[in-house]
Amino acid sequence: MSLPPAEPATEAVFREMRARACEMFRHALAECSIPRAFSRQIRREGDSLRVGNDAYDMKSLARMSVVSIGKAGHTMAEALANIAGTRLDGIIACPNPPAEQLPGFRYFTGGHPLPNEASLQAAHAILKLVAGGSARSLVLFLISGGASAIAEKPIIDSITLEDVVATYKALVLSGAPIAEINAIRKHLSALKGGRLAQAAAPACQASVLVSDVPEKSLDALASGPTMPDSTTAADCYAIAERYQLTNAFPASVRVLFERKLLDETPKAGDPAFAHSRY
């Protein structure tokens, strides 16, 4: 049975409602875009770069480096470069290379949702870049979703890329919530769980995060490479037992759980975070 045609007045109301809904949608997209978000948090003031409530005198720095990792890796670095108004140097790891790369940056096409060989290369390059800094150095970390896989380095060399991928798959298929999955990934990584901040210390560090995780759980974003870790090795052993994961892990990972050999990640109060901002 067909419905009678709508009255002209009703059609006009529908058109107005649709126009208003489209306007609200476009406004929301514009407000949450990375360039717009950066303009609210970062600005150039003379020779100073202000990030949040902190100002860094770029002329007085011995070195300034940028590490941008995640699905928004290129977009975040581009937004920062436009605000800084000067050539920046650093590394960008993202899953899809842009049509035009930013000068001064090395690009790595890391895998997502599973790491690939470029993910390991990106992690190696990042750790090399941030090593050897001083208190007069500044590292700007730009972090977005997906960075857990896009840049990755196992905590020990005996864990191969194939082992990392197998571990990721076992975790995802276990039924464990993402917070528990990330707890284990942090303790198996040389970058996650604050270890990237540890590698960059004693340099000043500012992390700019594009995140959809709760504000009080920011160390969950990208498994918290630059933030104090709120999880422990004991948590990891309990999670593995709860979801019967140990036997699902490859041998190089399984032995760390069977013998309880996981090293602890840096926590709040660790000297690595003495000059860190978020």
# chains A, B, ... in the order shown; residues from 1 in each chain; ligands from 1
>>> residues_around(residues="region 38-50 of chain A", least_positions_apart="5", cutoff="9 Å", atoms="only C-alpha atoms", output="list in words")
Ser33, Ala55, Tyr56, Asp57, Met58, Lys59, Met76, Ala79, Leu80, Ile83, Ala84, Gly85 and Val208 of chain A
>>> closest_residue(among="A:Ile34, A:Cys94, A:Ile184, A:Ile159", to="Ile69 (chain A)", atoms="only C-alpha atoms")
A:Cys94
>>> closest_residue(among="A:Glu258, A:Glu23, A:Asp54, A:Glu31", to="Ser207 (chain A)", atoms="only C-alpha atoms")
A:Asp54
>>> atom_distance(atom1="CA of Leu191 (chain A)", atom2="CA of Ala222 (chain A)")
9.9 Å
>>> select_by_dssp(residues="region 139-238 of chain A", states="helix (DSSP H, G or I)", output="PDB file with N, CA, C and O atoms, in the first residue's frame")
ATOM      1  N   ALA A 147      49.249   3.310  16.444  1.00  0.00           N
ATOM      2  CA  ALA A 147      50.705   3.360  16.590  1.00  0.00           C
ATOM      3  C   ALA A 147      51.279   2.089  17.207  1.00  0.00           C
ATOM      4  O   ALA A 147      52.455   1.782  17.014  1.00  0.00           O
ATOM      5  N   SER A 148      50.464   1.337  17.952  1.00  0.00           N
ATOM      6  CA  SER A 148      50.960   0.097  18.565  1.00  0.00           C
ATOM      7  C   SER A 148      51.552  -0.852  17.530  1.00  0.00           C
ATOM      8  O   SER A 148      52.584  -1.484  17.764  1.00  0.00           O
ATOM      9  N   ALA A 149      50.894  -0.956  16.380  1.00  0.00           N
ATOM     10  CA  ALA A 149      51.372  -1.859  15.334  1.00  0.00           C
ATOM     11  C   ALA A 149      52.272  -1.155  14.332  1.00  0.00           C
ATOM     12  O   ALA A 149      53.177  -1.763  13.764  1.00  0.00           O
ATOM     13  N   ILE A 150      52.040   0.129  14.123  1.00  0.00           N
ATOM     14  CA  ILE A 150      52.742   0.866  13.065  1.00  0.00           C
ATOM     15  C   ILE A 150      54.222   1.041  13.382  1.00  0.00           C
ATOM     16  O   ILE A 150      55.055   1.119  12.467  1.00  0.00           O
ATOM     17  N   LEU A 161      59.537 -10.985  13.960  1.00  0.00           N
ATOM     18  CA  LEU A 161      58.314 -10.331  13.472  1.00  0.00           C
ATOM     19  C   LEU A 161      57.177 -11.336  13.408  1.00  0.00           C
ATOM     20  O   LEU A 161      56.037 -11.022  13.790  1.00  0.00           O
ATOM     21  N   GLU A 162      57.460 -12.539  12.941  1.00  0.00           N
ATOM     22  CA  GLU A 162      56.420 -13.573  12.864  1.00  0.00           C
ATOM     23  C   GLU A 162      55.877 -13.895  14.255  1.00  0.00           C
ATOM     24  O   GLU A 162      54.671 -14.120  14.427  1.00  0.00           O
ATOM     25  N   ASP A 163      56.765 -13.880  15.253  1.00  0.00           N
ATOM     26  CA  ASP A 163      56.328 -14.130  16.623  1.00  0.00           C
ATOM     27  C   ASP A 163      55.443 -12.993  17.136  1.00  0.00           C
ATOM     28  O   ASP A 163      54.454 -13.230  17.848  1.00  0.00           O
ATOM     29  N   VAL A 164      55.807 -11.763  16.792  1.00  0.00           N
ATOM     30  CA  VAL A 164      55.000 -10.613  17.208  1.00  0.00           C
ATOM     31  C   VAL A 164      53.596 -10.707  16.617  1.00  0.00           C
ATOM     32  O   VAL A 164      52.595 -10.509  17.308  1.00  0.00           O
ATOM     33  N   VAL A 165      53.526 -11.003  15.318  1.00  0.00           N
ATOM     34  CA  VAL A 165      52.226 -11.114  14.646  1.00  0.00           C
ATOM     35  C   VAL A 165      51.406 -12.231  15.280  1.00  0.00           C
ATOM     36  O   VAL A 165      50.198 -12.066  15.541  1.00  0.00           O
ATOM     37  N   ALA A 166      52.035 -13.380  15.539  1.00  0.00           N
ATOM     38  CA  ALA A 166      51.321 -14.498  16.156  1.00  0.00           C
ATOM     39  C   ALA A 166      50.823 -14.126  17.552  1.00  0.00           C
ATOM     40  O   ALA A 166      49.704 -14.502  17.949  1.00  0.00           O
ATOM     41  N   THR A 167      51.615 -13.374  18.292  1.00  0.00           N
ATOM     42  CA  THR A 167      51.217 -12.936  19.632  1.00  0.00           C
ATOM     43  C   THR A 167      50.037 -11.981  19.559  1.00  0.00           C
ATOM     44  O   THR A 167      49.070 -12.085  20.331  1.00  0.00           O
ATOM     45  N   TYR A 168      50.108 -11.019  18.632  1.00  0.00           N
ATOM     46  CA  TYR A 168      49.002 -10.082  18.446  1.00  0.00           C
ATOM     47  C   TYR A 168      47.707 -10.837  18.137  1.00  0.00           C
ATOM     48  O   TYR A 168      46.645 -10.531  18.682  1.00  0.00           O
ATOM     49  N   LYS A 169      47.791 -11.809  17.235  1.00  0.00           N
ATOM     50  CA  LYS A 169      46.599 -12.572  16.855  1.00  0.00           C
ATOM     51  C   LYS A 169      46.044 -13.353  18.042  1.00  0.00           C
ATOM     52  O   LYS A 169      44.830 -13.396  18.254  1.00  0.00           O
ATOM     53  N   ALA A 170      46.933 -13.958  18.815  1.00  0.00           N
ATOM     54  CA  ALA A 170      46.488 -14.718  19.981  1.00  0.00           C
ATOM     55  C   ALA A 170      45.778 -13.805  20.982  1.00  0.00           C
ATOM     56  O   ALA A 170      44.748 -14.175  21.560  1.00  0.00           O
ATOM     57  N   LEU A 171      46.299 -12.611  21.166  1.00  0.00           N
ATOM     58  CA  LEU A 171      45.685 -11.665  22.099  1.00  0.00           C
ATOM     59  C   LEU A 171      44.312 -11.225  21.619  1.00  0.00           C
ATOM     60  O   LEU A 171      43.350 -11.193  22.396  1.00  0.00           O
ATOM     61  N   VAL A 172      44.215 -10.890  20.340  1.00  0.00           N
ATOM     62  CA  VAL A 172      42.946 -10.398  19.799  1.00  0.00           C
ATOM     63  C   VAL A 172      41.871 -11.484  19.846  1.00  0.00           C
ATOM     64  O   VAL A 172      40.698 -11.207  20.123  1.00  0.00           O
ATOM     65  N   LEU A 173      42.260 -12.721  19.603  1.00  0.00           N
ATOM     66  CA  LEU A 173      41.301 -13.824  19.574  1.00  0.00           C
ATOM     67  C   LEU A 173      40.982 -14.380  20.961  1.00  0.00           C
ATOM     68  O   LEU A 173      40.115 -15.238  21.091  1.00  0.00           O
ATOM     69  N   ILE A 178      40.587  -4.638  25.455  1.00  0.00           N
ATOM     70  CA  ILE A 178      41.758  -3.984  24.885  1.00  0.00           C
ATOM     71  C   ILE A 178      42.747  -3.540  25.950  1.00  0.00           C
ATOM     72  O   ILE A 178      43.959  -3.586  25.735  1.00  0.00           O
ATOM     73  N   ALA A 179      42.270  -3.142  27.128  1.00  0.00           N
ATOM     74  CA  ALA A 179      43.187  -2.704  28.183  1.00  0.00           C
ATOM     75  C   ALA A 179      44.101  -3.844  28.622  1.00  0.00           C
ATOM     76  O   ALA A 179      45.296  -3.636  28.882  1.00  0.00           O
ATOM     77  N   GLU A 180      43.558  -5.053  28.688  1.00  0.00           N
ATOM     78  CA  GLU A 180      44.367  -6.205  29.094  1.00  0.00           C
ATOM     79  C   GLU A 180      45.293  -6.649  27.957  1.00  0.00           C
ATOM     80  O   GLU A 180      46.425  -7.075  28.200  1.00  0.00           O
ATOM     81  N   ILE A 181      44.812  -6.547  26.731  1.00  0.00           N
ATOM     82  CA  ILE A 181      45.672  -6.845  25.580  1.00  0.00           C
ATOM     83  C   ILE A 181      46.868  -5.901  25.566  1.00  0.00           C
ATOM     84  O   ILE A 181      48.021  -6.322  25.383  1.00  0.00           O
ATOM     85  N   ASN A 182      46.596  -4.624  25.792  1.00  0.00           N
ATOM     86  CA  ASN A 182      47.669  -3.634  25.778  1.00  0.00           C
ATOM     87  C   ASN A 182      48.652  -3.836  26.918  1.00  0.00           C
ATOM     88  O   ASN A 182      49.846  -3.546  26.775  1.00  0.00           O
ATOM     89  N   ALA A 183      48.178  -4.320  28.062  1.00  0.00           N
ATOM     90  CA  ALA A 183      49.079  -4.566  29.189  1.00  0.00           C
ATOM     91  C   ALA A 183      50.179  -5.541  28.789  1.00  0.00           C
ATOM     92  O   ALA A 183      51.368  -5.332  29.086  1.00  0.00           O
ATOM     93  N   ILE A 184      49.793  -6.599  28.089  1.00  0.00           N
ATOM     94  CA  ILE A 184      50.783  -7.584  27.650  1.00  0.00           C
ATOM     95  C   ILE A 184      51.653  -7.024  26.538  1.00  0.00           C
ATOM     96  O   ILE A 184      52.888  -7.191  26.536  1.00  0.00           O
ATOM     97  N   ARG A 185      51.050  -6.309  25.587  1.00  0.00           N
ATOM     98  CA  ARG A 185      51.853  -5.744  24.499  1.00  0.00           C
ATOM     99  C   ARG A 185      52.892  -4.747  25.024  1.00  0.00           C
ATOM    100  O   ARG A 185      54.003  -4.666  24.507  1.00  0.00           O
ATOM    101  N   LYS A 186      52.523  -3.993  26.063  1.00  0.00           N
ATOM    102  CA  LYS A 186      53.477  -3.043  26.651  1.00  0.00           C
ATOM    103  C   LYS A 186      54.723  -3.759  27.164  1.00  0.00           C
ATOM    104  O   LYS A 186      55.846  -3.297  26.964  1.00  0.00           O
ATOM    105  N   HIS A 187      54.510  -4.858  27.848  1.00  0.00           N
ATOM    106  CA  HIS A 187      55.634  -5.542  28.488  1.00  0.00           C
ATOM    107  C   HIS A 187      56.468  -6.362  27.517  1.00  0.00           C
ATOM    108  O   HIS A 187      57.542  -6.850  27.885  1.00  0.00           O
ATOM    109  N   ARG A 195      58.458   3.101  27.570  1.00  0.00           N
ATOM    110  CA  ARG A 195      59.857   2.806  27.257  1.00  0.00           C
ATOM    111  C   ARG A 195      60.436   3.739  26.193  1.00  0.00           C
ATOM    112  O   ARG A 195      61.647   3.950  26.149  1.00  0.00           O
ATOM    113  N   LEU A 196      59.582   4.307  25.342  1.00  0.00           N
ATOM    114  CA  LEU A 196      60.076   5.287  24.382  1.00  0.00           C
ATOM    115  C   LEU A 196      60.508   6.557  25.118  1.00  0.00           C
ATOM    116  O   LEU A 196      61.541   7.160  24.774  1.00  0.00           O
ATOM    117  N   ALA A 197      59.748   6.978  26.114  1.00  0.00           N
ATOM    118  CA  ALA A 197      60.152   8.128  26.934  1.00  0.00           C
ATOM    119  C   ALA A 197      61.457   7.830  27.652  1.00  0.00           C
ATOM    120  O   ALA A 197      62.332   8.695  27.771  1.00  0.00           O
ATOM    121  N   GLN A 198      61.602   6.616  28.135  1.00  0.00           N
ATOM    122  CA  GLN A 198      62.821   6.206  28.820  1.00  0.00           C
ATOM    123  C   GLN A 198      64.021   6.286  27.877  1.00  0.00           C
ATOM    124  O   GLN A 198      65.108   6.738  28.267  1.00  0.00           O
ATOM    125  N   ALA A 199      63.811   5.899  26.619  1.00  0.00           N
ATOM    126  CA  ALA A 199      64.894   5.944  25.633  1.00  0.00           C
ATOM    127  C   ALA A 199      65.281   7.374  25.294  1.00  0.00           C
ATOM    128  O   ALA A 199      66.442   7.647  24.965  1.00  0.00           O
ATOM    129  N   ALA A 200      64.314   8.303  25.360  1.00  0.00           N
ATOM    130  CA  ALA A 200      64.570   9.694  24.994  1.00  0.00           C
ATOM    131  C   ALA A 200      65.128  10.526  26.144  1.00  0.00           C
ATOM    132  O   ALA A 200      65.671  11.612  25.913  1.00  0.00           O
ATOM    133  N   GLU A 215      39.931  10.101  29.068  1.00  0.00           N
ATOM    134  CA  GLU A 215      41.001  11.028  29.443  1.00  0.00           C
ATOM    135  C   GLU A 215      41.885  10.478  30.555  1.00  0.00           C
ATOM    136  O   GLU A 215      43.084  10.766  30.615  1.00  0.00           O
ATOM    137  N   LYS A 216      41.313   9.677  31.451  1.00  0.00           N
ATOM    138  CA  LYS A 216      42.093   9.135  32.564  1.00  0.00           C
ATOM    139  C   LYS A 216      42.801   7.833  32.196  1.00  0.00           C
ATOM    140  O   LYS A 216      43.448   7.222  33.042  1.00  0.00           O
ATOM    141  N   SER A 217      42.708   7.423  30.937  1.00  0.00           N
ATOM    142  CA  SER A 217      43.359   6.184  30.496  1.00  0.00           C
ATOM    143  C   SER A 217      44.240   6.445  29.282  1.00  0.00           C
ATOM    144  O   SER A 217      44.296   5.643  28.363  1.00  0.00           O
ATOM    145  N   LEU A 218      44.932   7.588  29.289  1.00  0.00           N
ATOM    146  CA  LEU A 218      45.709   7.961  28.103  1.00  0.00           C
ATOM    147  C   LEU A 218      46.862   7.007  27.826  1.00  0.00           C
ATOM    148  O   LEU A 218      47.353   6.948  26.699  1.00  0.00           O
ATOM    149  N   ASP A 219      47.317   6.261  28.846  1.00  0.00           N
ATOM    150  CA  ASP A 219      48.396   5.317  28.576  1.00  0.00           C
ATOM    151  C   ASP A 219      47.905   4.122  27.768  1.00  0.00           C
ATOM    152  O   ASP A 219      48.690   3.272  27.364  1.00  0.00           O
ATOM    153  N   ALA A 220      46.585   4.063  27.494  1.00  0.00           N
ATOM    154  CA  ALA A 220      46.048   3.014  26.622  1.00  0.00           C
ATOM    155  C   ALA A 220      46.237   3.360  25.153  1.00  0.00           C
ATOM    156  O   ALA A 220      46.287   2.466  24.305  1.00  0.00           O
ATOM    157  N   LEU A 221      46.343   4.660  24.829  1.00  0.00           N
ATOM    158  CA  LEU A 221      46.516   5.055  23.437  1.00  0.00           C
ATOM    159  C   LEU A 221      47.879   4.595  22.935  1.00  0.00           C
ATOM    160  O   LEU A 221      48.908   4.946  23.507  1.00  0.00           O
ATOM    161  N   ALA A 222      47.865   3.800  21.861  1.00  0.00           N
ATOM    162  CA  ALA A 222      49.110   3.279  21.278  1.00  0.00           C
ATOM    163  C   ALA A 222      49.945   2.537  22.311  1.00  0.00           C
ATOM    164  O   ALA A 222      51.160   2.445  22.192  1.00  0.00           O
ATOM    165  N   SER A 223      49.300   2.028  23.343  1.00  0.00           N
ATOM    166  CA  SER A 223      49.966   1.323  24.440  1.00  0.00           C
ATOM    167  C   SER A 223      50.949   2.226  25.187  1.00  0.00           C
ATOM    168  O   SER A 223      51.954   1.761  25.718  1.00  0.00           O
ATOM    169  N   ALA A 233      53.923  -6.367  35.411  1.00  0.00           N
ATOM    170  CA  ALA A 233      54.229  -7.710  34.904  1.00  0.00           C
ATOM    171  C   ALA A 233      53.306  -8.739  35.553  1.00  0.00           C
ATOM    172  O   ALA A 233      52.858  -9.689  34.903  1.00  0.00           O
ATOM    173  N   ALA A 234      53.014  -8.547  36.837  1.00  0.00           N
ATOM    174  CA  ALA A 234      52.101  -9.466  37.531  1.00  0.00           C
ATOM    175  C   ALA A 234      50.728  -9.454  36.870  1.00  0.00           C
ATOM    176  O   ALA A 234      50.072 -10.510  36.758  1.00  0.00           O
ATOM    177  N   ASP A 235      50.276  -8.281  36.420  1.00  0.00           N
ATOM    178  CA  ASP A 235      49.006  -8.202  35.683  1.00  0.00           C
ATOM    179  C   ASP A 235      49.063  -9.079  34.441  1.00  0.00           C
ATOM    180  O   ASP A 235      48.096  -9.775  34.106  1.00  0.00           O
ATOM    181  N   CYS A 236      50.181  -9.014  33.742  1.00  0.00           N
ATOM    182  CA  CYS A 236      50.323  -9.782  32.492  1.00  0.00           C
ATOM    183  C   CYS A 236      50.229 -11.279  32.740  1.00  0.00           C
ATOM    184  O   CYS A 236      49.571 -12.007  31.984  1.00  0.00           O
ATOM    185  N   TYR A 237      50.906 -11.756  33.785  1.00  0.00           N
ATOM    186  CA  TYR A 237      50.843 -13.188  34.099  1.00  0.00           C
ATOM    187  C   TYR A 237      49.413 -13.599  34.434  1.00  0.00           C
ATOM    188  O   TYR A 237      48.941 -14.669  34.010  1.00  0.00           O
ATOM    189  N   ALA A 238      48.705 -12.746  35.175  1.00  0.00           N
ATOM    190  CA  ALA A 238      47.321 -13.059  35.554  1.00  0.00           C
ATOM    191  C   ALA A 238      46.406 -13.071  34.326  1.00  0.00           C
ATOM    192  O   ALA A 238      45.523 -13.931  34.201  1.00  0.00           O
TER     193      ALA A 238
END
>>> residues_around(residues="Ala62 (chain A)", least_positions_apart="4", cutoff="9 Å", atoms="only C-alpha atoms", output="count of residues only")
7
>>> residues_around(residues="Thr160 (chain A)", least_positions_apart="3", cutoff="12 Å", atoms="only C-alpha atoms", output="PyMOL selection string")
chain A and resi 115-117+120+152-157+163-167+188-189+250-253
>>> write_last_selection(atoms="all heavy atoms", output="short mmCIF file (atom, residue, chain, number, x, y, z; two decimals), in the first residue's frame")
data_model
loop_
_atom_site.label_atom_id
_atom_site.label_comp_id
_atom_site.auth_asym_id
_atom_site.auth_seq_id
_atom_site.Cartn_x
_atom_site.Cartn_y
_atom_site.Cartn_z
N PRO A 115 51.70 -5.51 12.76
CA PRO A 115 52.97 -4.91 12.34
C PRO A 115 53.57 -5.63 11.14
O PRO A 115 53.28 -6.80 10.89
CB PRO A 115 53.85 -5.05 13.58
CG PRO A 115 53.25 -6.20 14.35
CD PRO A 115 51.78 -6.15 14.07
N ASN A 116 54.41 -4.92 10.40
CA ASN A 116 55.14 -5.50 9.28
C ASN A 116 56.62 -5.15 9.42
O ASN A 116 57.04 -4.58 10.44
CB ASN A 116 54.57 -5.02 7.94
CG ASN A 116 54.61 -3.49 7.81
OD1 ASN A 116 55.28 -2.81 8.58
ND2 ASN A 116 53.89 -2.96 6.84
N GLU A 117 57.40 -5.48 8.43
CA GLU A 117 58.83 -5.22 8.50
C GLU A 117 59.12 -3.73 8.65
O GLU A 117 60.04 -3.33 9.38
CB GLU A 117 59.52 -5.76 7.25
CG GLU A 117 61.04 -5.73 7.31
CD GLU A 117 61.62 -6.59 8.42
OE1 GLU A 117 61.07 -7.68 8.68
OE2 GLU A 117 62.61 -6.15 9.05
N LEU A 120 59.04 -2.56 12.24
CA LEU A 120 60.29 -2.79 12.98
C LEU A 120 61.35 -1.77 12.58
O LEU A 120 62.10 -1.27 13.43
CB LEU A 120 60.80 -4.21 12.72
CG LEU A 120 59.87 -5.37 13.06
CD1 LEU A 120 60.61 -6.70 12.92
CD2 LEU A 120 59.31 -5.23 14.47
N GLU A 152 56.98 -0.83 16.04
CA GLU A 152 57.10 -1.89 17.05
C GLU A 152 58.50 -2.48 17.06
O GLU A 152 59.14 -2.64 16.01
CB GLU A 152 56.06 -2.98 16.78
CG GLU A 152 56.14 -4.19 17.69
CD GLU A 152 55.82 -3.86 19.14
OE1 GLU A 152 56.60 -3.11 19.75
OE2 GLU A 152 54.81 -4.37 19.66
N LYS A 153 58.98 -2.76 18.26
CA LYS A 153 60.25 -3.47 18.45
C LYS A 153 60.11 -4.39 19.64
O LYS A 153 59.80 -3.94 20.74
CB LYS A 153 61.41 -2.49 18.69
CG LYS A 153 62.77 -3.17 18.81
CD LYS A 153 63.86 -2.16 19.10
CE LYS A 153 65.25 -2.81 19.02
NZ LYS A 153 65.43 -3.96 19.94
N PRO A 154 60.32 -5.70 19.44
CA PRO A 154 60.22 -6.63 20.57
C PRO A 154 61.25 -6.31 21.65
O PRO A 154 62.34 -5.81 21.35
CB PRO A 154 60.47 -8.00 19.93
CG PRO A 154 60.19 -7.80 18.48
CD PRO A 154 60.57 -6.39 18.17
N ILE A 155 60.92 -6.64 22.88
CA ILE A 155 61.78 -6.33 24.00
C ILE A 155 63.08 -7.15 23.96
O ILE A 155 64.10 -6.72 24.49
CB ILE A 155 61.03 -6.55 25.33
CG1 ILE A 155 61.80 -5.95 26.50
CG2 ILE A 155 60.73 -8.01 25.56
CD1 ILE A 155 61.95 -4.45 26.45
N ILE A 156 63.05 -8.32 23.33
CA ILE A 156 64.26 -9.13 23.16
C ILE A 156 64.38 -9.56 21.71
O ILE A 156 63.39 -9.74 21.02
CB ILE A 156 64.27 -10.37 24.09
CG1 ILE A 156 63.03 -11.22 23.88
CG2 ILE A 156 64.39 -9.96 25.55
CD1 ILE A 156 63.03 -12.51 24.67
N ASP A 157 65.62 -9.71 21.25
CA ASP A 157 65.88 -9.98 19.84
C ASP A 157 65.38 -11.34 19.38
O ASP A 157 65.15 -11.55 18.19
CB ASP A 157 67.38 -9.86 19.54
CG ASP A 157 67.88 -8.43 19.67
OD1 ASP A 157 67.05 -7.51 19.57
OD2 ASP A 157 69.10 -8.25 19.90
N ASP A 163 56.77 -13.88 15.25
CA ASP A 163 56.33 -14.13 16.62
C ASP A 163 55.44 -12.99 17.14
O ASP A 163 54.45 -13.23 17.85
CB ASP A 163 57.54 -14.29 17.55
CG ASP A 163 58.33 -15.56 17.27
OD1 ASP A 163 57.78 -16.47 16.63
OD2 ASP A 163 59.50 -15.62 17.70
N VAL A 164 55.81 -11.76 16.79
CA VAL A 164 55.00 -10.61 17.21
C VAL A 164 53.60 -10.71 16.62
O VAL A 164 52.59 -10.51 17.31
CB VAL A 164 55.67 -9.29 16.79
CG1 VAL A 164 54.74 -8.11 17.09
CG2 VAL A 164 57.00 -9.11 17.50
N VAL A 165 53.53 -11.00 15.32
CA VAL A 165 52.23 -11.11 14.65
C VAL A 165 51.41 -12.23 15.28
O VAL A 165 50.20 -12.07 15.54
CB VAL A 165 52.42 -11.36 13.14
CG1 VAL A 165 51.09 -11.70 12.48
CG2 VAL A 165 53.03 -10.13 12.48
N ALA A 166 52.03 -13.38 15.54
CA ALA A 166 51.32 -14.50 16.16
C ALA A 166 50.82 -14.13 17.55
O ALA A 166 49.70 -14.50 17.95
CB ALA A 166 52.24 -15.72 16.23
N THR A 167 51.62 -13.37 18.29
CA THR A 167 51.22 -12.94 19.63
C THR A 167 50.04 -11.98 19.56
O THR A 167 49.07 -12.08 20.33
CB THR A 167 52.40 -12.27 20.35
OG1 THR A 167 53.48 -13.20 20.44
CG2 THR A 167 52.00 -11.82 21.75
N LEU A 188 55.97 -6.51 26.30
CA LEU A 188 56.74 -7.25 25.28
C LEU A 188 57.42 -6.32 24.28
O LEU A 188 58.06 -6.79 23.34
CB LEU A 188 55.80 -8.20 24.51
CG LEU A 188 55.23 -9.37 25.31
CD1 LEU A 188 54.22 -10.13 24.47
CD2 LEU A 188 56.35 -10.30 25.78
N SER A 189 57.32 -5.00 24.50
CA SER A 189 57.80 -4.04 23.52
C SER A 189 58.90 -3.15 24.08
O SER A 189 58.90 -2.79 25.26
CB SER A 189 56.63 -3.16 23.05
OG SER A 189 57.07 -2.12 22.21
N PRO A 250 53.82 -17.93 20.71
CA PRO A 250 54.98 -18.60 20.14
C PRO A 250 56.03 -18.87 21.22
O PRO A 250 56.03 -18.22 22.27
CB PRO A 250 55.49 -17.60 19.08
CG PRO A 250 54.94 -16.29 19.50
CD PRO A 250 53.63 -16.57 20.16
N ALA A 251 56.94 -19.80 20.95
CA ALA A 251 57.88 -20.26 21.97
C ALA A 251 58.70 -19.13 22.58
O ALA A 251 58.94 -19.10 23.80
CB ALA A 251 58.80 -21.32 21.38
N SER A 252 59.13 -18.15 21.75
CA SER A 252 59.98 -17.06 22.25
C SER A 252 59.25 -16.18 23.26
O SER A 252 59.86 -15.58 24.15
CB SER A 252 60.48 -16.21 21.09
OG SER A 252 59.38 -15.63 20.39
N VAL A 253 57.94 -16.08 23.14
CA VAL A 253 57.12 -15.31 24.08
C VAL A 253 56.66 -16.19 25.23
O VAL A 253 56.64 -15.76 26.39
CB VAL A 253 55.91 -14.69 23.36
CG1 VAL A 253 54.98 -13.99 24.34
CG2 VAL A 253 56.38 -13.71 22.29
#
>>> residues_around(residues="Gly90 (chain A)", least_positions_apart="3", cutoff="12 Å", atoms="only C-alpha atoms", output="MDAnalysis selection string")
chainID A and resid 63:69 73:74 77:78 81 87 93 102:108 122 125:130 138:142
>>> atom_distance(atom1="CA of Ala190 (chain A)", atom2="CA of Ala123 (chain A)")
8.5 Å
>>> closest_residue(among="A:Cys32, A:Leu114, A:Ala201, A:Leu209", to="Gly145 (chain A)", atoms="only C-alpha atoms")
A:Leu209
>>> atom_distance(atom1="CA of Met227 (chain A)", atom2="CA of Gln101 (chain A)")
28.4 Å
>>> decode(residues="region 253-274 of chain A", atoms="C-alpha atoms", output="mmCIF file, in the first residue's frame")
data_model
loop_
_atom_site.group_PDB
_atom_site.id
_atom_site.type_symbol
_atom_site.label_atom_id
_atom_site.label_comp_id
_atom_site.auth_asym_id
_atom_site.auth_seq_id
_atom_site.Cartn_x
_atom_site.Cartn_y
_atom_site.Cartn_z
ATOM 1 C CA VAL A 253 57.122 -15.311 24.078
ATOM 2 C CA ARG A 254 55.803 -18.341 25.938
ATOM 3 C CA VAL A 255 59.092 -18.812 27.814
ATOM 4 C CA LEU A 256 58.862 -15.276 29.244
ATOM 5 C CA PHE A 257 55.525 -16.171 30.831
ATOM 6 C CA GLU A 258 56.403 -19.691 31.927
ATOM 7 C CA ARG A 259 59.578 -18.477 33.682
ATOM 8 C CA LYS A 260 58.138 -15.073 34.677
ATOM 9 C CA LEU A 261 60.931 -13.160 32.969
ATOM 10 C CA LEU A 262 59.035 -10.026 31.924
ATOM 11 C CA ASP A 263 60.887 -6.823 32.801
ATOM 12 C CA GLU A 264 58.842 -4.116 34.488
ATOM 13 C CA THR A 265 57.867 -1.008 32.557
ATOM 14 C CA PRO A 266 58.603 2.501 33.920
ATOM 15 C CA LYS A 267 55.979 3.838 36.322
ATOM 16 C CA ALA A 268 54.927 7.269 37.560
ATOM 17 C CA GLY A 269 57.849 8.906 39.356
ATOM 18 C CA ASP A 270 60.445 7.347 37.078
ATOM 19 C CA PRO A 271 63.163 9.911 36.134
ATOM 20 C CA ALA A 272 62.304 9.286 32.463
ATOM 21 C CA PHE A 273 59.165 11.394 32.938
ATOM 22 C CA ALA A 274 60.744 14.253 34.905
#
